[in-house]
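Asks: Please read through the structure below; I'll follow up with questions.
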Amino acid sequence: MNEYHQVREDSNVLRPYEKCLKFGAGMLSDAELLAVILRTGAVGTDSVTLASQILQLAPGRKGLSGLYQLSVEELCCLKGVGSVKAIQVQCIGELSRRISKSIAAEGISMNQPATIAQYYMEDLRHLTQEHMLLLLLNSKTKLIRDMVLFKGTVNGAMLSPREVLIEALRSNAVYMVLLHNHPSGDPEPSREDIGITKRIKEAGKIVGIQLIDHIIIGDNQYISLKERGVL
């Protein structure tokens, strides 16, 4: 059975699917786009209505901007949404977020602390655990890629300069930036933060890859260790 006939079996999806086929995805509403992904609704609720309910699920986060923040538990509270649909919604939300950030990153030079902090602020400031990220940059300080080094309380013993440099060399990086959040909301650096920064800086000198900053994200505020004179 081909994809078209599988979709035709669900009359709830037929209208947005055929609308997309005839006019293109750009003519579909947010709810219709999500309905095509969901494919089915629930008893007494068509897929477009269910999609609209999902988009309005979280107070203060209505619409596409809050889609990727919805948890499986929150989504499963809706009638007609089980774990499979919840995971579909999470994945499409995360994919959209990554596409958006990837496009934005192409035009950004990561050479200013404020630029870096603004780019990552919404990703990090709401997290309840510390996340240490490594940003790898080219000779023009454009982002090659970023990666999470670890999650949890910052501990210098957990962060191996060797592993950091292996990742940097693998990506042909010229510059590096460390970035992590403080769940307390206060970005003031700890002694451990400063120690990690100095270790990675010295290790980078050996292979010619410069650590240009370590930025700590708080609640709508940040501190740059470069601006503090640590680097």
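Residues in the structure tokens are named by chain (A, B, ... in the order shown) and by number from 1 within that chain; ligands are numbered from 1 in the order shown.
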Write out as a list in words the set of residues from segment 46-136 of chain A that DSSP, computed on the backbone, places in strand (DSSP E).
Replies: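 Here are the strand (DSSP E) residues of segment 46-136 of chain A: His131, Met132, Leu133, Leu134, Leu135 and Leu136 of chain A.
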Asks: Fewer than 2 positions away in the same chain doesn't count, so skip those; otherwise give me all residues within 9 Å of segment 49-58 of chain A, counting only C-alpha atoms, as number ranges by chain.
Replies: A: 30-35, 38, 40-42, 45-47, 60-64, 66-67, 69-70, 74-75, 78-81, 89
Asks: Select, from A:Gly195, A:Gly229, A:Gly26, A:Gly185, the residue with the minimum atom-to-atom distance to Thr128 of chain A, counting only C-alpha atoms.
Replies: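 The shortest atom-to-atom distance to Thr128 of chain A comes from A:Gly185.
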Asks: Based on DSSP run over this structure's backbone, return all residues of segment 158-209 of chain A in alpha helix (DSSP H), as a PyMOL selection string.
Replies: chain A and resi 161-170+191-207
Asks: Between atom CA of Leu165 of chain A and atom CA of Ile215 of chain A, what is the distance in Å, rounded to a tenth?
Replies: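 Separation between atom CA of Leu165 of chain A and atom CA of Ile215 of chain A: 18.4 Å.
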Asks: Show which residues sit within 12 Å of Asp186 of chain A, as an MDAnalysis selection string. Count only C-alpha atoms, and ignore same-chain residues fewer than 3 positions away.
Replies: chainID A and resid 125 180:183 189:190 216:223
Asks: Can you work out which one of A:Cys91, A:Val164, A:Gly152, A:Met176 has the shortest atom-to-atom distance to Asn138 of chain A, counting only C-alpha atoms?
Replies: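 Using only C-alpha atoms, Asn138 of chain A sits closest to A:Met176.
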Asks: Take atom CA of Val36 of chain A and atom CA of Gly93 of chain A and report the distance between them in Å, one decimal.
Replies: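 Atom-to-atom, atom CA of Val36 of chain A to atom CA of Gly93 of chain A, that is 14.1 Å.
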Asks: Between A:Thr115, A:Ser184, A:Gln90, A:Ser139, which one has atoms that come closest to Leu127 of chain A, using only C-alpha atoms?
Replies: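 Among A:Thr115, A:Ser184, A:Gln90, A:Ser139, it is A:Ser184 that comes nearest to Leu127 of chain A.
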Asks: Between A:Ile212, A:Arg199, A:Leu95, A:Leu136, single out the one closest to Arg170 of chain A, counting only C-alpha atoms.
Replies: A:Leu136
